[in-house]
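Below is one structure; the comments refer to it alone.
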Amino acid sequence: MIFKVPRGTQDILPSETWKWQQVEKVILEACDVYRYKEIRTPIFEQTELFQRLVGDTTDIVQKEMYTFTDKGDRSMTLRPEGTAPVVRSFVEHKMFGYPDQPVKLFYTGPMFRYERQQAGRYRQFVQFGAEAIGSADPAIDAEVISLALDVYKRVGLTKLKLVINSLGDKECRAAHKEALVSHFNPHIDQFCPDCQTRLEKNPLRILDCKVDSGNPLIASAPSLADYLNEESASYFESVKSFLEDAGIDYEVDPNLVRGLDYYNHTAFEIMSTSEGFGAITTLCGGGRYNGLAEEIGGPSAPGIGFAMSIERLLLAMEAESKIFADEPTLDVYIITLGETARRPGFKLLNELRAAGIRTDLDYMDRKLKAQMKSADRLQARMVVIIGEDEVTEGAVQLKIMADGTQEKVPVGELVEKIIKNTTR
RNA sequence: GCGGUUGUGGCGAAGUGGUUAACGCAUCGGAUUGUGAUUCCGACACUCGGGGGUUCAAUUCCCCUCAUCCGCCCCA
């Protein structure tokens with residue numbers, strides 16, 4: 001084999017695309033109910049957009065971007081996430097001027113991150129995400145979280161855990177960061193090399209480190225919760241009470257830190273608690289990003305959103321043994337015998353299809369027995385048999401596969417008869 | 001980026017330094033005339049991820065490479 005899919009990418013074959021279509025259907029239904037409208041942005045953007053919005057110190061920008069230079073010598077990047085492009089579009093198209101605020105948007109599409117492939121992690125993966133931009137009402141935080149959970153609920157997932165935290169605003173984050181640095185700095189030599197670099201860049205991440213999770217200094221570290229100013233703390237309390245009003249269970253994890261710089265106030269993750277799910281359990285991540293629009297020259301437009309991976313959603317469904325209803329089967333399989341029946345059969349095929357009947361026929365020049373076998377394998381409800389006799393008589397044999405009954409039907413009555421059998 | 005794992009026909013899976021690379025499933029053909037199951041018979045890998053090397057000889061040994069899976073990092 002000479003060519004294979006690039007590392008970290010996959011072909012989604014017909015046996016799988018059926019599932020994807022069902023998930024996409026669920027997403028459309030849920031977004032419709034919540035009144036989120038679809039937005040489609042380009043698959044690549046100027047590199048600087050992600051550098052500015054996602055943040056220079058993040059793993060995404062530092063080592064995971066698919067960046068290339070185009071023929072006009074511009075640096076472009078395949079989008080690693082969906083929020084930055086949506087915010088760019090929001091500002092570019094002056095959606096802040098729309099009469100209905102906040103602007104509620106959703107998207108579904110491929111994202112790209114240069115990472116080593118693993119179960120549930122790909123270099124090209126599909127995210128469904130939603131963004132509500134323009135409102136700083138804590139109730140909309142709860143709405144956005146509710147939408148994400150609703151999608152999972154609609155596909156039948158139950159083994160889920162919602163974890164939330166407040167990252168506070170700029171002011172409290174700065175104060176907390178300072179406290180963290182002075183807490184860890186004297187003993188930083190007992191931490192892993194990654195954490196030693198984190199001390200400078202983003203000490204909050206030390207709390208999240210798996211290598212050093214047992215270190216008592218982590219447990220005794222100053223908690224962000226203690227540094228939340230009054231405004232941030234009361235915002236967080238409101239979000240929690242709205243979640244309660246929505247009947248949503250949550251767990252507060254003071255160490256929850258998201259990997260993107262733009263988050264503030266509400267941060268959340270939805271994880272699978274299903275057994276044997278592998279190392280990666282995060283299905284969905286999101287949070288509030290007040291001030292993001294200003295970063296690229298827009299007006300003040302506080303926003304909140306989330307993104308979930310469709311691949312992981314399907315993995316979670318697999319883990320919980322949730323499956324979609326069967327794909328639609330074939331209504332009619334047309335079997336022709338001999339050259340004289342070929343054209344009448346093909347003509348009939350087109351007539352049935354024009355009537356909206358799922359119809360197919362054999363293009364492999366097989367014998368009757370083999371064609372019957374194909375019909376059986378394709379789970380055709382009915383088989384229409386056309387041989388020389390039928391052609392001269394202007395009739396066909398119509399067989400109901402389930403009970404094996406068969407009758408001769410004049411061509412003129414066939415469509416009606418088939419429709420009757422299809423819809424019963 | 002790091003560590004480990006695996007890579008044989010459409011799928012699953014044996015195997016050995018040397019004449020014809022098991023087997024199962026699937027597929028196709030047949031078991032007398034135009035009918036789906038089962039059964040029976042038959043067909044189906046000039047080749048063992050790719051490249052190079054060692055050898056009289058390699059799918060089996062060595063090196064490189066590509067890919068896979070698992071874990072780390074991090075995330076969706």
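Residue numbering restarts at 1 for every chain of the structure tokens, chains are lettered A, B, ... in their displayed order, and ligands are numbered from 1 as they appear.
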
>> For A:Lys408, find every residue with an atom within 12 Å (counting only C-alpha atoms (C1' of nucleotides)), except residues of its own chain fewer than 4 positions away, and show them as a list in words.
In response: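 Here the qualifying residues turn out to be Val383, Val384, Ile385, Ile386, Gly387, Asp389, Glu390, Val391, Glu393, Gly394, Ala395, Val396, Gln397, Leu398, Lys399, Ile400, Gly412, Glu413, Leu414 and Lys417 of chain A.
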
Kindly export the residues of the current selection with all heavy atoms, as a CSV table (one decimal), in the first residue's frame.
```csv
chain,number,residue,atom,x,y,z
A,383,VAL,N,-38.6,-7.6,-3.2
A,383,VAL,CA,-37.8,-7.9,-4.4
A,383,VAL,C,-38.8,-7.9,-5.6
A,383,VAL,O,-39.9,-8.4,-5.5
A,383,VAL,CB,-37.1,-9.2,-4.3
A,383,VAL,CG1,-36.7,-9.8,-5.6
A,383,VAL,CG2,-35.9,-9.1,-3.4
A,384,VAL,N,-38.3,-7.2,-6.6
A,384,VAL,CA,-39.1,-7.2,-7.9
A,384,VAL,C,-38.3,-8.0,-8.9
A,384,VAL,O,-37.1,-7.8,-9.1
A,384,VAL,CB,-39.3,-5.8,-8.4
A,384,VAL,CG1,-39.7,-5.8,-9.9
A,384,VAL,CG2,-40.3,-5.0,-7.6
A,385,ILE,N,-38.9,-9.1,-9.4
A,385,ILE,CA,-38.2,-9.9,-10.4
A,385,ILE,C,-38.8,-9.7,-11.8
A,385,ILE,O,-40.0,-9.8,-12.0
A,385,ILE,CB,-38.4,-11.4,-9.9
A,385,ILE,CG1,-37.8,-11.6,-8.5
A,385,ILE,CG2,-37.6,-12.3,-11.0
A,385,ILE,CD1,-38.1,-13.0,-7.9
A,386,ILE,N,-37.9,-9.4,-12.7
A,386,ILE,CA,-38.3,-9.3,-14.1
A,386,ILE,C,-37.5,-10.2,-15.0
A,386,ILE,O,-36.3,-10.2,-15.0
A,386,ILE,CB,-38.0,-7.8,-14.6
A,386,ILE,CG1,-38.5,-6.8,-13.6
A,386,ILE,CG2,-38.6,-7.6,-15.9
A,386,ILE,CD1,-38.1,-5.4,-13.9
A,387,GLY,N,-38.2,-11.1,-15.6
A,387,GLY,CA,-37.6,-12.0,-16.5
A,387,GLY,C,-38.2,-11.9,-17.9
A,387,GLY,O,-39.0,-10.9,-18.1
A,389,ASP,N,-40.5,-13.6,-19.4
A,389,ASP,CA,-42.0,-13.8,-19.3
A,389,ASP,C,-42.6,-12.5,-18.9
A,389,ASP,O,-43.6,-12.1,-19.4
A,389,ASP,CB,-42.3,-14.9,-18.3
A,389,ASP,CG,-41.8,-16.2,-18.8
A,389,ASP,OD1,-41.3,-16.3,-19.9
A,389,ASP,OD2,-41.8,-17.2,-18.0
A,390,GLU,N,-42.1,-11.9,-17.8
A,390,GLU,CA,-42.7,-10.7,-17.2
A,390,GLU,C,-42.6,-9.6,-18.2
A,390,GLU,O,-43.6,-8.8,-18.3
A,390,GLU,CB,-41.9,-10.3,-15.9
A,390,GLU,CG,-42.3,-11.2,-14.7
A,390,GLU,CD,-41.6,-12.6,-14.8
A,390,GLU,OE1,-40.7,-12.7,-15.6
A,390,GLU,OE2,-42.0,-13.5,-14.0
A,391,VAL,N,-41.5,-9.5,-19.0
A,391,VAL,CA,-41.4,-8.4,-19.9
A,391,VAL,C,-42.5,-8.5,-21.0
A,391,VAL,O,-43.2,-7.5,-21.3
A,391,VAL,CB,-40.0,-8.4,-20.6
A,391,VAL,CG1,-40.0,-7.4,-21.7
A,391,VAL,CG2,-38.9,-8.1,-19.6
A,393,GLU,N,-45.3,-10.0,-20.7
A,393,GLU,CA,-46.7,-9.8,-20.0
A,393,GLU,C,-46.9,-8.4,-19.5
A,393,GLU,O,-48.0,-8.1,-19.1
A,393,GLU,CB,-46.8,-10.8,-18.9
A,393,GLU,CG,-47.0,-12.2,-19.3
A,393,GLU,CD,-47.0,-13.2,-18.1
A,393,GLU,OE1,-47.7,-12.9,-17.1
A,393,GLU,OE2,-46.3,-14.2,-18.1
A,394,GLY,N,-45.9,-7.6,-19.4
A,394,GLY,CA,-46.0,-6.3,-18.8
A,394,GLY,C,-46.3,-6.4,-17.3
A,394,GLY,O,-47.1,-5.5,-16.8
A,395,ALA,N,-45.8,-7.3,-16.7
A,395,ALA,CA,-46.0,-7.5,-15.3
A,395,ALA,C,-44.7,-7.9,-14.6
A,395,ALA,O,-43.7,-8.2,-15.3
A,395,ALA,CB,-47.0,-8.6,-15.0
A,396,VAL,N,-44.6,-7.9,-13.3
A,396,VAL,CA,-43.4,-8.3,-12.6
A,396,VAL,C,-43.8,-9.2,-11.4
A,396,VAL,O,-44.9,-9.2,-11.0
A,396,VAL,CB,-42.6,-7.1,-12.0
A,396,VAL,CG1,-42.1,-6.2,-13.2
A,396,VAL,CG2,-43.4,-6.3,-11.0
A,397,GLN,N,-42.8,-9.9,-10.9
A,397,GLN,CA,-43.1,-10.7,-9.7
A,397,GLN,C,-42.7,-9.8,-8.5
A,397,GLN,O,-41.6,-9.2,-8.5
A,397,GLN,CB,-42.2,-11.9,-9.6
A,397,GLN,CG,-42.5,-12.9,-10.7
A,397,GLN,CD,-43.8,-13.6,-10.6
A,397,GLN,OE1,-44.4,-13.7,-9.5
A,397,GLN,NE2,-44.4,-14.1,-11.7
A,398,LEU,N,-43.6,-9.6,-7.5
A,398,LEU,CA,-43.3,-8.8,-6.3
A,398,LEU,C,-43.2,-9.8,-5.2
A,398,LEU,O,-44.2,-10.4,-4.8
A,398,LEU,CB,-44.3,-7.7,-6.1
A,398,LEU,CG,-44.1,-6.9,-4.9
A,398,LEU,CD1,-42.8,-6.1,-5.0
A,398,LEU,CD2,-45.3,-6.0,-4.6
A,399,LYS,N,-42.0,-9.8,-4.5
A,399,LYS,CA,-41.9,-10.8,-3.4
A,399,LYS,C,-41.7,-10.0,-2.1
A,399,LYS,O,-40.8,-9.1,-2.1
A,399,LYS,CB,-40.7,-11.7,-3.7
A,399,LYS,CG,-40.4,-12.7,-2.6
A,399,LYS,CD,-39.5,-13.8,-3.0
A,399,LYS,CE,-39.3,-14.8,-1.9
A,399,LYS,NZ,-38.6,-16.0,-2.4
A,400,ILE,N,-42.4,-10.4,-1.1
A,400,ILE,CA,-42.2,-9.8,0.2
A,400,ILE,C,-41.2,-10.7,0.9
A,400,ILE,O,-41.5,-11.8,1.2
A,400,ILE,CB,-43.5,-9.7,1.0
A,400,ILE,CG1,-44.6,-9.1,0.2
A,400,ILE,CG2,-43.3,-9.0,2.3
A,400,ILE,CD1,-44.5,-7.7,-0.2
A,412,GLY,N,-48.3,-1.3,-14.1
A,412,GLY,CA,-49.0,-0.1,-13.8
A,412,GLY,C,-49.4,0.0,-12.4
A,412,GLY,O,-49.6,1.1,-11.9
A,413,GLU,N,-49.6,-1.1,-11.7
A,413,GLU,CA,-50.0,-1.1,-10.3
A,413,GLU,C,-48.9,-1.2,-9.3
A,413,GLU,O,-49.1,-1.1,-8.1
A,413,GLU,CB,-51.0,-2.2,-10.0
A,413,GLU,CG,-52.3,-2.2,-10.9
A,413,GLU,CD,-53.1,-3.5,-10.8
A,413,GLU,OE1,-52.9,-4.2,-9.8
A,413,GLU,OE2,-53.8,-3.7,-11.8
A,414,LEU,N,-47.7,-1.3,-9.8
A,414,LEU,CA,-46.6,-1.6,-9.0
A,414,LEU,C,-46.2,-0.6,-7.9
A,414,LEU,O,-46.1,-0.9,-6.7
A,414,LEU,CB,-45.3,-1.9,-9.8
A,414,LEU,CG,-44.1,-2.5,-9.0
A,414,LEU,CD1,-44.5,-3.8,-8.4
A,414,LEU,CD2,-42.9,-2.6,-9.9
A,417,LYS,N,-48.6,-0.4,-5.1
A,417,LYS,CA,-48.5,-1.6,-4.3
A,417,LYS,C,-47.3,-1.5,-3.4
A,417,LYS,O,-47.4,-1.9,-2.2
A,417,LYS,CB,-48.4,-2.8,-5.2
A,417,LYS,CG,-48.7,-4.1,-4.5
A,417,LYS,CD,-49.9,-4.8,-5.2
A,417,LYS,CE,-50.4,-5.9,-4.4
A,417,LYS,NZ,-51.8,-6.3,-4.8
```

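Set the cut-off at 10 Å, count only C-alpha atoms (C1' of nucleotides), and the residues of chain B near chain A turn out to be G1, C28, G34, U35, G36, G49, G50, C66, A67, U68, C69, C70, G71, C72, C73, C74, C75 and A76 of chain B.
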
>> Please compute the atom CA of A:Tyr333-atom CA of A:Tyr363 distance, one decimal, in Å.
In response: 11.6 Å

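When atom CA of A:Leu78 is paired with atom CA of A:Thr41, their separation reads 11.6 Å.
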
>> Can you pull out the residues contacting B:U27? Cut-off 12 Å, using only C-alpha atoms (C1' of nucleotides), and skip same-chain residues under 2 positions away; I want them as a list in words.
In response: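 Neighbouring residues, sequence-local ones excluded: Ala370 and Ser374 of chain A; G9, G10, C11, C25, G29, A43 and C44 of chain B.
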
Secondary structure check, alpha helix (DSSP H) residues of stretch 60-287 of chain A, as a short mmCIF file (atom, residue, chain, number, x, y, z; two decimals) with N, CA, C and O atoms, in the first residue's frame:
```cif
data_model
loop_
_atom_site.label_atom_id
_atom_site.label_comp_id
_atom_site.auth_asym_id
_atom_site.auth_seq_id
_atom_site.Cartn_x
_atom_site.Cartn_y
_atom_site.Cartn_z
N ILE A 60 -1.08 24.91 22.81
CA ILE A 60 -1.64 24.96 21.46
C ILE A 60 -0.78 25.84 20.56
O ILE A 60 -0.37 25.42 19.47
N VAL A 61 -0.51 27.05 21.01
CA VAL A 61 0.25 27.98 20.18
C VAL A 61 1.72 27.59 20.13
O VAL A 61 2.36 27.67 19.08
N GLN A 62 2.24 27.13 21.24
CA GLN A 62 3.67 26.84 21.27
C GLN A 62 4.10 25.63 20.46
O GLN A 62 5.17 25.60 19.88
N LYS A 63 3.26 24.59 20.45
CA LYS A 63 3.74 23.40 19.75
C LYS A 63 2.72 22.62 18.95
O LYS A 63 3.05 21.61 18.36
N THR A 83 -13.24 29.06 19.01
CA THR A 83 -13.70 30.32 19.60
C THR A 83 -13.05 31.54 18.96
O THR A 83 -13.74 32.53 18.66
N ALA A 84 -11.74 31.48 18.73
CA ALA A 84 -11.05 32.64 18.16
C ALA A 84 -11.64 33.04 16.81
O ALA A 84 -11.93 34.22 16.59
N PRO A 85 -11.84 32.08 15.89
CA PRO A 85 -12.46 32.47 14.62
C PRO A 85 -13.86 33.06 14.79
O PRO A 85 -14.23 34.02 14.08
N VAL A 86 -14.63 32.51 15.71
CA VAL A 86 -15.99 33.02 15.90
C VAL A 86 -15.95 34.45 16.44
O VAL A 86 -16.69 35.32 15.98
N VAL A 87 -15.06 34.70 17.38
CA VAL A 87 -14.95 36.05 17.93
C VAL A 87 -14.45 37.01 16.84
O VAL A 87 -14.92 38.13 16.72
N ARG A 88 -13.52 36.52 16.04
CA ARG A 88 -13.04 37.35 14.92
C ARG A 88 -14.19 37.72 14.00
O ARG A 88 -14.35 38.88 13.58
N SER A 89 -15.03 36.75 13.71
CA SER A 89 -16.16 36.99 12.83
C SER A 89 -17.17 37.93 13.48
O SER A 89 -17.74 38.80 12.83
N PHE A 90 -17.36 37.75 14.78
CA PHE A 90 -18.28 38.60 15.55
C PHE A 90 -17.86 40.06 15.43
O PHE A 90 -18.67 40.95 15.17
N VAL A 91 -16.55 40.29 15.58
CA VAL A 91 -16.04 41.66 15.51
C VAL A 91 -16.08 42.17 14.07
O VAL A 91 -16.55 43.26 13.79
N GLU A 92 -15.60 41.33 13.14
CA GLU A 92 -15.51 41.73 11.74
C GLU A 92 -16.88 42.12 11.17
O GLU A 92 -17.00 43.08 10.43
N PRO A 138 -24.87 35.78 34.54
CA PRO A 138 -24.49 34.43 34.95
C PRO A 138 -25.48 33.36 34.50
O PRO A 138 -25.13 32.19 34.38
N ALA A 139 -26.70 33.76 34.20
CA ALA A 139 -27.68 32.78 33.75
C ALA A 139 -27.30 32.20 32.40
O ALA A 139 -27.60 31.04 32.10
N ILE A 140 -26.62 33.00 31.58
CA ILE A 140 -26.27 32.46 30.27
C ILE A 140 -25.11 31.47 30.38
O ILE A 140 -24.99 30.58 29.57
N ASP A 141 -24.32 31.61 31.43
CA ASP A 141 -23.29 30.59 31.67
C ASP A 141 -23.99 29.25 31.90
O ASP A 141 -23.59 28.22 31.35
N ALA A 142 -25.03 29.31 32.71
CA ALA A 142 -25.78 28.09 33.00
C ALA A 142 -26.47 27.56 31.74
O ALA A 142 -26.54 26.36 31.52
N GLU A 143 -26.93 28.48 30.90
CA GLU A 143 -27.59 28.04 29.66
C GLU A 143 -26.61 27.30 28.75
O GLU A 143 -26.93 26.25 28.19
N VAL A 144 -25.42 27.87 28.61
CA VAL A 144 -24.42 27.26 27.73
C VAL A 144 -24.04 25.86 28.23
O VAL A 144 -23.95 24.90 27.46
N ILE A 145 -23.83 25.76 29.53
CA ILE A 145 -23.49 24.46 30.11
C ILE A 145 -24.65 23.47 29.91
O ILE A 145 -24.46 22.31 29.56
N SER A 146 -25.84 24.00 30.07
CA SER A 146 -27.02 23.18 29.91
C SER A 146 -27.14 22.64 28.48
O SER A 146 -27.50 21.48 28.26
N LEU A 147 -26.80 23.48 27.50
CA LEU A 147 -26.85 23.04 26.10
C LEU A 147 -25.89 21.87 25.87
O LEU A 147 -26.25 20.88 25.25
N ALA A 148 -24.68 22.01 26.39
CA ALA A 148 -23.69 20.94 26.20
C ALA A 148 -24.21 19.64 26.82
O ALA A 148 -24.18 18.58 26.19
N LEU A 149 -24.70 19.74 28.02
CA LEU A 149 -25.20 18.54 28.69
C LEU A 149 -26.41 17.96 27.98
O LEU A 149 -26.59 16.74 27.92
N ASP A 150 -27.22 18.85 27.42
CA ASP A 150 -28.42 18.40 26.73
C ASP A 150 -28.08 17.54 25.51
O ASP A 150 -28.74 16.55 25.23
N VAL A 151 -27.03 17.94 24.81
CA VAL A 151 -26.62 17.15 23.64
C VAL A 151 -26.24 15.74 24.09
O VAL A 151 -26.64 14.74 23.47
N TYR A 152 -25.49 15.64 25.17
CA TYR A 152 -25.10 14.32 25.66
C TYR A 152 -26.32 13.52 26.09
O TYR A 152 -26.42 12.32 25.84
N LYS A 153 -27.23 14.24 26.75
CA LYS A 153 -28.45 13.56 27.21
C LYS A 153 -29.25 13.04 26.03
O LYS A 153 -29.78 11.93 26.05
N ARG A 154 -29.30 13.84 24.97
CA ARG A 154 -30.09 13.43 23.81
C ARG A 154 -29.52 12.22 23.08
O ARG A 154 -30.24 11.54 22.36
N LYS A 170 -9.12 39.46 35.93
CA LYS A 170 -7.69 39.74 35.81
C LYS A 170 -7.05 40.06 37.16
O LYS A 170 -5.98 39.56 37.49
N GLU A 171 -7.76 40.89 37.89
CA GLU A 171 -7.25 41.38 39.16
C GLU A 171 -6.97 40.23 40.13
O GLU A 171 -5.88 40.09 40.68
N CYS A 172 -7.97 39.36 40.33
CA CYS A 172 -7.74 38.30 41.30
C CYS A 172 -6.76 37.25 40.78
O CYS A 172 -6.05 36.61 41.55
N ARG A 173 -6.74 37.07 39.46
CA ARG A 173 -5.78 36.09 38.94
C ARG A 173 -4.35 36.56 39.20
O ARG A 173 -3.47 35.77 39.52
N ALA A 174 -4.14 37.85 39.03
CA ALA A 174 -2.80 38.38 39.25
C ALA A 174 -2.38 38.22 40.71
O ALA A 174 -1.26 37.80 41.00
N ALA A 175 -3.31 38.51 41.60
CA ALA A 175 -3.00 38.40 43.03
C ALA A 175 -2.71 36.95 43.40
O ALA A 175 -1.78 36.63 44.15
N HIS A 176 -3.51 36.05 42.85
CA HIS A 176 -3.34 34.64 43.13
C HIS A 176 -2.02 34.12 42.57
O HIS A 176 -1.30 33.35 43.22
N LYS A 177 -1.70 34.55 41.37
CA LYS A 177 -0.46 34.11 40.74
C LYS A 177 0.74 34.49 41.60
O LYS A 177 1.65 33.68 41.82
N GLU A 178 0.68 35.69 42.10
CA GLU A 178 1.77 36.18 42.95
C GLU A 178 1.90 35.31 44.20
O GLU A 178 2.99 34.90 44.60
N ALA A 179 0.75 34.98 44.77
CA ALA A 179 0.75 34.13 45.96
C ALA A 179 1.30 32.74 45.66
O ALA A 179 2.04 32.16 46.45
N LEU A 180 0.96 32.23 44.50
CA LEU A 180 1.44 30.90 44.12
C LEU A 180 2.94 30.88 43.95
O LEU A 180 3.63 29.97 44.42
N VAL A 181 3.44 31.90 43.27
CA VAL A 181 4.88 31.96 43.03
C VAL A 181 5.63 31.99 44.36
O VAL A 181 6.60 31.25 44.55
N SER A 182 5.15 32.79 45.29
CA SER A 182 5.89 32.86 46.56
C SER A 182 5.69 31.57 47.38
O SER A 182 6.53 31.23 48.21
N HIS A 183 4.60 30.86 47.11
CA HIS A 183 4.38 29.59 47.81
C HIS A 183 5.31 28.50 47.29
O HIS A 183 5.92 27.76 48.07
N PHE A 184 5.44 28.41 45.98
CA PHE A 184 6.23 27.31 45.39
C PHE A 184 7.71 27.64 45.25
O PHE A 184 8.55 26.75 45.32
N PRO A 193 10.41 18.97 36.10
CA PRO A 193 10.96 20.04 35.25
C PRO A 193 9.86 20.89 34.61
O PRO A 193 10.01 22.12 34.49
N ASP A 194 8.77 20.23 34.20
CA ASP A 194 7.68 20.98 33.59
C ASP A 194 7.16 22.03 34.56
O ASP A 194 6.92 23.18 34.19
N CYS A 195 6.98 21.59 35.82
CA CYS A 195 6.44 22.51 36.80
C CYS A 195 7.43 23.66 37.07
O CYS A 195 7.02 24.78 37.37
N GLN A 196 8.70 23.35 36.95
CA GLN A 196 9.68 24.41 37.20
C GLN A 196 9.57 25.52 36.16
O GLN A 196 9.74 26.69 36.48
N THR A 197 9.26 25.13 34.92
CA THR A 197 9.05 26.18 33.92
C THR A 197 7.69 26.84 34.11
O THR A 197 7.51 28.01 33.82
N ARG A 198 6.73 26.03 34.60
CA ARG A 198 5.40 26.60 34.80
C ARG A 198 5.42 27.72 35.84
O ARG A 198 4.57 28.61 35.81
N LEU A 199 6.32 27.62 36.78
CA LEU A 199 6.37 28.62 37.85
C LEU A 199 6.40 30.03 37.26
O LEU A 199 5.73 30.92 37.75
N GLU A 200 7.18 30.18 36.20
CA GLU A 200 7.28 31.48 35.57
C GLU A 200 6.07 31.78 34.70
O GLU A 200 5.44 32.82 34.82
N LYS A 201 5.79 30.85 33.84
CA LYS A 201 4.78 31.09 32.82
C LYS A 201 3.36 31.09 33.36
O LYS A 201 2.56 31.97 33.08
N PRO A 216 2.58 17.48 48.92
CA PRO A 216 1.75 18.20 49.91
C PRO A 216 1.68 19.70 49.66
O PRO A 216 0.72 20.35 50.06
N LEU A 217 2.68 20.23 48.99
CA LEU A 217 2.65 21.67 48.71
C LEU A 217 1.50 22.06 47.79
O LEU A 217 1.06 23.21 47.78
N ILE A 218 1.03 21.06 47.03
CA ILE A 218 -0.10 21.35 46.15
C ILE A 218 -1.36 21.51 46.97
O ILE A 218 -2.15 22.43 46.78
N ALA A 219 -1.52 20.59 47.92
CA ALA A 219 -2.70 20.66 48.77
C ALA A 219 -2.71 21.95 49.60
O ALA A 219 -3.76 22.55 49.85
N LEU A 224 -7.27 29.65 44.53
CA LEU A 224 -7.79 30.79 43.79
C LEU A 224 -9.08 31.29 44.43
O LEU A 224 -9.37 32.49 44.45
N ALA A 225 -9.82 30.33 44.96
CA ALA A 225 -11.10 30.70 45.58
C ALA A 225 -10.92 31.77 46.66
O ALA A 225 -11.77 32.65 46.83
N ASP A 226 -9.79 31.68 47.36
CA ASP A 226 -9.55 32.65 48.42
C ASP A 226 -9.15 34.02 47.89
O ASP A 226 -9.12 34.99 48.63
N TYR A 227 -8.81 34.07 46.65
CA TYR A 227 -8.36 35.34 46.08
C TYR A 227 -9.42 35.99 45.20
O TYR A 227 -9.19 37.03 44.62
N GLU A 230 -14.81 40.29 45.49
CA GLU A 230 -16.24 40.18 45.80
C GLU A 230 -17.09 39.97 44.55
O GLU A 230 -17.97 39.13 44.51
N GLU A 231 -16.75 40.72 43.54
CA GLU A 231 -17.53 40.65 42.29
C GLU A 231 -17.43 39.24 41.67
O GLU A 231 -18.43 38.65 41.27
N SER A 232 -16.21 38.73 41.60
CA SER A 232 -16.01 37.41 41.00
C SER A 232 -16.69 36.33 41.81
O SER A 232 -17.31 35.41 41.26
N ALA A 233 -16.55 36.44 43.12
CA ALA A 233 -17.14 35.43 43.99
C ALA A 233 -18.66 35.41 43.87
O ALA A 233 -19.28 34.35 43.78
N SER A 234 -19.26 36.58 43.81
CA SER A 234 -20.71 36.60 43.74
C SER A 234 -21.19 36.16 42.36
O SER A 234 -22.24 35.55 42.21
N TYR A 235 -20.37 36.44 41.35
CA TYR A 235 -20.72 35.96 40.01
C TYR A 235 -20.75 34.44 40.01
O TYR A 235 -21.68 33.80 39.50
N PHE A 236 -19.72 33.85 40.61
CA PHE A 236 -19.62 32.40 40.66
C PHE A 236 -20.80 31.79 41.42
O PHE A 236 -21.39 30.80 40.99
N GLU A 237 -21.15 32.46 42.52
CA GLU A 237 -22.31 31.98 43.30
C GLU A 237 -23.58 32.00 42.46
O GLU A 237 -24.38 31.07 42.50
N SER A 238 -23.73 33.05 41.69
CA SER A 238 -24.92 33.15 40.83
C SER A 238 -24.96 32.04 39.80
O SER A 238 -26.00 31.43 39.57
N VAL A 239 -23.81 31.81 39.17
CA VAL A 239 -23.76 30.75 38.16
C VAL A 239 -24.19 29.43 38.79
O VAL A 239 -25.01 28.69 38.24
N LYS A 240 -23.67 29.16 39.97
CA LYS A 240 -24.01 27.91 40.65
C LYS A 240 -25.50 27.82 40.95
O LYS A 240 -26.12 26.78 40.76
N SER A 241 -26.08 28.94 41.39
CA SER A 241 -27.51 28.85 41.70
C SER A 241 -28.35 28.70 40.43
O SER A 241 -29.37 28.01 40.45
N PHE A 242 -27.90 29.29 39.33
CA PHE A 242 -28.65 29.08 38.09
C PHE A 242 -28.52 27.63 37.62
O PHE A 242 -29.47 27.07 37.06
N LEU A 243 -27.35 27.05 37.84
CA LEU A 243 -27.20 25.64 37.48
C LEU A 243 -28.18 24.80 38.30
O LEU A 243 -28.81 23.88 37.78
N GLU A 244 -28.27 25.14 39.58
CA GLU A 244 -29.21 24.41 40.43
C GLU A 244 -30.64 24.58 39.93
O GLU A 244 -31.41 23.62 39.88
N ASP A 245 -30.96 25.79 39.53
CA ASP A 245 -32.31 26.03 39.00
C ASP A 245 -32.56 25.21 37.74
O ASP A 245 -33.69 24.83 37.45
#
```

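Minimum distance to B:U59 across B:A13, B:A21, B:C46, B:A26 (counting only C-alpha atoms (C1' of nucleotides)) occurs at B:A21.
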
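Those residues that approach B:G18 to within 12 Å, counting only C-alpha atoms (C1' of nucleotides), are U55, C56, A57, A58 and U60 of chain B; same-chain residues fewer than 4 positions away are not listed.
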